[in-house]
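Chemist: Sharing a structure below in structure tokens format, with a few things to ask.
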Amino acid sequence: MRLDKFSRCLTAPAIAVVAAGCLSTAAWAEGQPPQSPRTVLAIHGGPEFYPGSEAMDKAIRDVLLSSASTPVNYFTEYLESEEFSAELASAALRDYIGRKFAGRHIDVLIANTVPALEFATRLRDELYPGVPIVFIAATAPDAVIRGTAGGITGVVRGVALSETLELALKLHPSVREVFVIAYAPAVAGYTERVQATLRGFAQRVRLTYIGERTAADMVAVVGSLPPQTLLFYARYSPVDTGRVVYPDELLSSIAHAASVPVYAGAEIYMGKGIVGGMMQSDEVDGTRIGEITLRILEGTRPEAIPITPRSLAPIFDWRQIKRWGIDPSRLPAGSQVLFRPTTMWEAYRRYVVGTIAVVALQLALIAGLLTQRARRRRAEHIVRTREASLQKSYDRIRLLAGRLINAQETARASLAQDLHDDICQRLAMVSTAIDRLKTSSGDIQNAKTQQLLAMLARDAHGTFDVVRTLSHDLHPATLRVLGLLPAIKTHCVEVAKRHNVRVIFTTQGDFPYVPDDVAVCFFRVAQESLRNGVEHGSASRLTVSLTRSGDDLAMTVTDDGRGFNLDAAIRDGSGVGVISMEERARAIGGTLYIVSDVQRGTTIRINAPLNPHRAVSVTDVSRPPEAMPVAARSPVTS
């Protein structure tokens with residue numbers, strides 16, 4: 001044995017003793033008697049650096065040392081059967097183990113590979129009778145299968161030659177020839193065993209075995225293989241190097257030079273240039289061996305633990321799939337693909353998801369803010385609109401108040417003038433005529449007396465007409481006594497007679513009862529509209545239409561007069577009559593529309609509910625329907 005390995009062997013027991021001491025102390029601290037550490041010795045067939053041995057040994061060690069209930073001292077030795085002759089390696093390792101572990105009880109032997117299993121069986125017979133053996137090898141011992149050798153169980157594993165070749169042919173159905181590399185002269189009967197395993201494929205494809213003595217020759221051969229063929233790699237360990245060449249050492253050079261896809265059936269070959277194959281995992285198998293060993297240490301008889309068969313899985317190299325243009329969708333279900341480039345999503349998934357979540361939250365907040373802003377703007381617009389409407393109403397009320405004061409004084413002056421210039425004069429004439437009658441001869445049939453009486457009757461009748469007209473203009477008796485419809489109809493007749501114009505009055509619907517406030521409003525609007533149409537619009541034909549639909553009352557007054565611009569009349573203050581009509585409509589919950597254009601007449605329409613409980617606050621004089629544009633509205637002055 002080499003000095004460095006011997007040092008490691010001495011160091012390992014020391015570490016195990018320290019670990020066992022710590023476990024014992026912990027057990028005593030918990031009030032339980034400490035359990036003596038169990039000893040497990042693993043024997044690998046190849047050297048310490050043999051491909052796959054390190055990964056498997058680590059998996060076994062991790063399982064055994066992770067048990068809290070069963071403390072374990074784990075030791076590893078290497079048979080190195082390929083570096084030395086089988087007899088020499090076996091004898092040397094047997095003597096070394098005998099001296100090294102003298103006086104120590106071995107609880108379980110672990111054997112990795114068939115040569116190691118054969119050695120462990122002989123070692124048990126010579127030094128450790130009855131010790132359980134857990135193996136991991138290509139085949140189970142015949143004695144175990146026959147049941148003549150007790151205390152042995154384990155895991156069957158090996159290079160999956162036939163399974164891998166079957167997989168390769170399924171991925172390349174057009175292939176008719178497969179070149180096989182199975183050359184290891186130092187391993188007795190190796191090529192023959194591979195040929196026996198693959199003999200069943202000879203009926204499907206032509207199998208050609210390549211056995212070049214040098215690596216350079218092998219590289220040259222595989223670089224010139226014909227298309228539509230495959231290269232199947234089992235092992236290549238030429239002897240011309242003067243040293244042991246391990247199975248995976250030259251694979252990278254061969255696969256790189258190969259002109260066709262390369263397949264192999266062992267995990268140690270992955271990443272060396274092969275496309276893939278059916279394989280067993282060294283780590284998984286090592287974990288299974290460790291678990292079986294723990295069960296035995298805990299009291300389970302090896303015979304009660306069935307031998308675990310091979311568990312193969314398709315494993316592929318993504319780089320080689322791309323190199324040879326293999327469709328990934330044709331890979332078997334459950335395939336493990338190694339060396340696949342990490343996508344942006346795989347590499348930064350958490351960051352992307354986090355960023356998306358943050359952005360989504362921000363978008364939601366922004367959307368909420370935008371919604372709130374839109375609502376605020378709508379509310380501000382409504383407030384501004386209402387403020388404008390209120391301001392407009394306020395301005396109009398102020399204007400109306402001032403105009404009403406002036407109108408009141410004007411009306412009083414006009415009434416006083418009418419009383420003074422007309423009624424008073426007529427009454428004076430009546431008084432004079434009465435005085436004359438007092439001084440007459442007393443003969444009532446006298447011509448002069450009859451003339452005075454006729455003049456007195458005429459003046460009295462004229463005075464009556466003037467007083468009645470003034471009274472009717474102030475408040476018609478027909479409106480109070482007979483109602484809205486007769487009042488408007490009578491007023492239309494009076495306007496037509498007084499101004500010598502044509503006034504047409506039409507109705508539609510029944511008018512059993514109209515509230516007083518509504519009746520007064522409609523009458524004043526009709527009165528103002530007709531007066532403005534005749535006096536200011538010089539209209540010759542006017543129409544008044546009164547309509548009732550359910551609880552809604554509507555009236556339309558049209559004329560063929562001049563008409564003029566409403567906005568201008570409002571601005572210059574001449575549209576007091578319009579404002580008066582608007583405020584009257586507003587007071588009863590109605591709406592007033594005015595449509596006019598220069599030389600095209602004027603149309604005034606008022607709508608109001610007959611039921612006062614349905615009346616709602618109305619806005620300013622709204623624009624009429626689509627047929628009534630802003631520019632078409634004109635005033636009707638008072």
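Letters A, B, ... go to the chains of the structure tokens in the order shown; residues in each chain start at 1; ligands are counted from 1 in the same order.
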List as a PyMOL selection string the protein and nucleic acid residues near Ile307 (chain A), meaning an atom at most 6 Å away when only C-alpha atoms are counted, but skip any in the same chain fewer than 6 places from it.

Modeler: chain A and resi 153-155

Chemist: Those residues you just picked out, can you put them in a file as a PDB file, in the first residue's frame with N, CA and C atoms?

Modeler:
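Wrote out.pdb, looks like this:
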```pdb
ATOM      1  N   THR A 153     -26.843  -9.687   0.076  1.00  0.00           N
ATOM      2  CA  THR A 153     -27.864  -8.976  -0.689  1.00  0.00           C
ATOM      3  C   THR A 153     -27.205  -7.763  -1.335  1.00  0.00           C
ATOM      4  N   GLY A 154     -27.945  -7.041  -2.137  1.00  0.00           N
ATOM      5  CA  GLY A 154     -27.333  -5.883  -2.769  1.00  0.00           C
ATOM      6  C   GLY A 154     -28.107  -5.358  -3.951  1.00  0.00           C
ATOM      7  N   VAL A 155     -27.375  -4.679  -4.858  1.00  0.00           N
ATOM      8  CA  VAL A 155     -27.945  -3.993  -6.015  1.00  0.00           C
ATOM      9  C   VAL A 155     -27.234  -4.461  -7.271  1.00  0.00           C
TER      10      VAL A 155
END
```

Chemist: Got a sec: who's within 8 Å of Ser538 (chain A), counting only C-alpha atoms, leaving out chain neighbours fewer than 3 positions off, as a ChimeraX atom specification?

Modeler: /A:533-535,561-562

Chemist: For the residues selected in the previous step, produce a file with N, CA and C atoms as a short mmCIF file (atom, residue, chain, number, x, y, z; two decimals), in the first residue's frame.

Modeler:
```cif
data_model
loop_
_atom_site.label_atom_id
_atom_site.label_comp_id
_atom_site.auth_asym_id
_atom_site.auth_seq_id
_atom_site.Cartn_x
_atom_site.Cartn_y
_atom_site.Cartn_z
N GLY A 533 -93.59 88.50 -30.62
CA GLY A 533 -93.69 88.17 -32.03
C GLY A 533 -94.36 89.26 -32.84
N VAL A 534 -95.38 89.89 -32.25
CA VAL A 534 -96.11 90.93 -32.97
C VAL A 534 -95.38 92.26 -32.92
N GLU A 535 -94.98 92.68 -31.71
CA GLU A 535 -94.43 94.02 -31.54
C GLU A 535 -92.97 94.11 -31.99
N GLY A 561 -91.92 86.02 -37.78
CA GLY A 561 -91.32 87.34 -37.71
C GLY A 561 -89.84 87.33 -38.03
N ARG A 562 -89.22 88.45 -37.66
CA ARG A 562 -87.81 88.64 -38.03
C ARG A 562 -86.89 87.69 -37.24
#
```

Chemist: At most 12 Å is the cut-off: for each residue in region 27-102 of chain A with any atom that close to an atom of region 248-259 of chain A, write down the nearest atom pair and the distance in Å rounded to one decimal, counting only C-alpha atoms, chain first then increasing number, as JSON lines.

Modeler:
```
{"residue": "A:Phe49", "atom": "CA", "partner": "A:Glu249", "partner_atom": "CA", "distance": 11.9}
{"residue": "A:Tyr50", "atom": "CA", "partner": "A:Asp248", "partner_atom": "CA", "distance": 9.6}
{"residue": "A:Pro51", "atom": "CA", "partner": "A:Asp248", "partner_atom": "CA", "distance": 7.3}
{"residue": "A:Gly52", "atom": "CA", "partner": "A:Asp248", "partner_atom": "CA", "distance": 10.2}
```

Chemist: Dump as a Markdown table the rows for residues of region 312-400 of chain A within 8 Å of region 164-181 of chain A: closest atom pair and distance in Å with one decimal, only C-alpha atoms counted, ordered by chain and rising residue number.

Modeler:
```
| residue | atom | partner | partner_atom | distance |
| --- | --- | --- | --- | --- |
| A:Ile326 | CA | A:Leu171 | CA | 7.9 |
| A:Arg330 | CA | A:Leu171 | CA | 6.9 |
| A:Leu331 | CA | A:Leu171 | CA | 7.4 |
```

Chemist: Restricting the output to N, CA and C atoms, write the selected residues as a PDB file, in the first residue's frame.

Modeler:
```pdb
ATOM      1  N   ILE A 326     -30.837  15.901 -33.629  1.00  0.00           N
ATOM      2  CA  ILE A 326     -31.862  14.966 -33.159  1.00  0.00           C
ATOM      3  C   ILE A 326     -33.055  15.768 -32.631  1.00  0.00           C
ATOM      4  N   ARG A 330     -38.524  13.374 -29.922  1.00  0.00           N
ATOM      5  CA  ARG A 330     -38.459  11.926 -30.103  1.00  0.00           C
ATOM      6  C   ARG A 330     -37.811  11.214 -28.932  1.00  0.00           C
ATOM      7  N   LEU A 331     -37.297  11.963 -27.978  1.00  0.00           N
ATOM      8  CA  LEU A 331     -36.685  11.340 -26.809  1.00  0.00           C
ATOM      9  C   LEU A 331     -37.751  10.627 -25.985  1.00  0.00           C
TER      10      LEU A 331
END
```

Chemist: Can you list, as a PyMOL selection string, every residue of region 472-540 of chain A that DSSP puts in helix (DSSP H, G or I)?

Modeler: chain A and resi 472-474+477-481+484-499+516-535

Chemist: Only C-alpha atoms, please: the residues just picked out, written as a compact mmCIF listing (two decimals), in the first residue's frame.

Modeler:
```txt
# COMPACT_ATOMS: atom_id res chain seq x y z
CA HIS A 472 -106.74 91.51 -18.44
CA ASP A 473 -103.09 92.28 -19.11
CA LEU A 474 -102.39 92.34 -15.38
CA ALA A 477 -110.15 86.68 -15.20
CA THR A 478 -110.67 83.79 -17.62
CA LEU A 479 -107.45 82.15 -16.36
CA ARG A 480 -108.67 82.22 -12.78
CA VAL A 481 -112.26 81.31 -13.52
CA LEU A 484 -105.55 77.65 -18.87
CA LEU A 485 -106.98 76.50 -22.19
CA PRO A 486 -109.85 79.08 -22.43
CA ALA A 487 -107.50 81.82 -21.16
CA ILE A 488 -104.89 81.19 -23.86
CA LYS A 489 -107.58 80.78 -26.51
CA THR A 490 -109.22 84.08 -25.53
CA HIS A 491 -105.86 85.83 -25.47
CA CYS A 492 -105.07 84.55 -28.96
CA VAL A 493 -108.38 86.00 -30.20
CA GLU A 494 -107.66 89.35 -28.54
CA VAL A 495 -104.13 89.52 -30.03
CA ALA A 496 -105.44 88.68 -33.49
CA LYS A 497 -108.18 91.33 -33.20
CA ARG A 498 -106.02 94.00 -31.56
CA HIS A 499 -103.04 93.72 -33.96
CA ASP A 516 -102.48 77.32 -10.81
CA ASP A 517 -98.71 77.91 -10.84
CA VAL A 518 -98.32 75.88 -14.03
CA ALA A 519 -101.29 77.62 -15.66
CA VAL A 520 -99.95 81.08 -14.81
CA CYS A 521 -96.48 80.16 -16.12
CA PHE A 522 -97.81 78.81 -19.44
CA PHE A 523 -100.15 81.77 -19.90
CA ARG A 524 -97.36 84.30 -19.26
CA VAL A 525 -95.05 82.50 -21.68
CA ALA A 526 -97.79 82.50 -24.35
CA GLN A 527 -98.58 86.13 -23.60
CA GLU A 528 -94.91 87.20 -23.76
CA SER A 529 -94.22 85.13 -26.90
CA LEU A 530 -97.20 86.50 -28.79
CA ARG A 531 -96.49 90.09 -27.73
CA ASN A 532 -92.81 89.85 -28.74
CA GLY A 533 -93.69 88.17 -32.03
CA VAL A 534 -96.11 90.93 -32.97
CA GLU A 535 -94.43 94.02 -31.54
```

Chemist: Apply DSSP to the backbone of this structure and, from region 59-144 of chain A, keep only the residues in strand (DSSP E); write these as a list in words.

Modeler: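 Taking region 59-144 of chain A and keeping strand (DSSP E) only, one gets Val72, Asn73, Tyr74, Phe75, Thr76, Glu77, Tyr78, Val108, Leu109, Ile110, Ala111, Asn112, Ile133, Val134, Phe135, Ile136 and Ala137 of chain A.
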
Chemist: Just the number, please: distance in Å from CA of Leu592 (chain A) to CA of Asn607 (chain A), one decimal.

Modeler: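 Atom-to-atom, CA of Leu592 (chain A) to CA of Asn607 (chain A), that is 6.6 Å.
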
Chemist: Point out the residue among A:Asp552, A:Asp560, A:Glu163, A:Asp217 with the least atom-to-atom distance to Ser540 (chain A), counting only C-alpha atoms.

Modeler: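 Of the candidates, the smallest distance to Ser540 (chain A) is held by A:Asp560.
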
Chemist: Which residue gives the smallest distance to Asp317 (chain A) among A:Arg99, A:Arg502, A:Arg340, A:His461, with only C-alpha atoms counted?

Modeler: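 Ranked by minimum distance to Asp317 (chain A), first place goes to A:Arg340.
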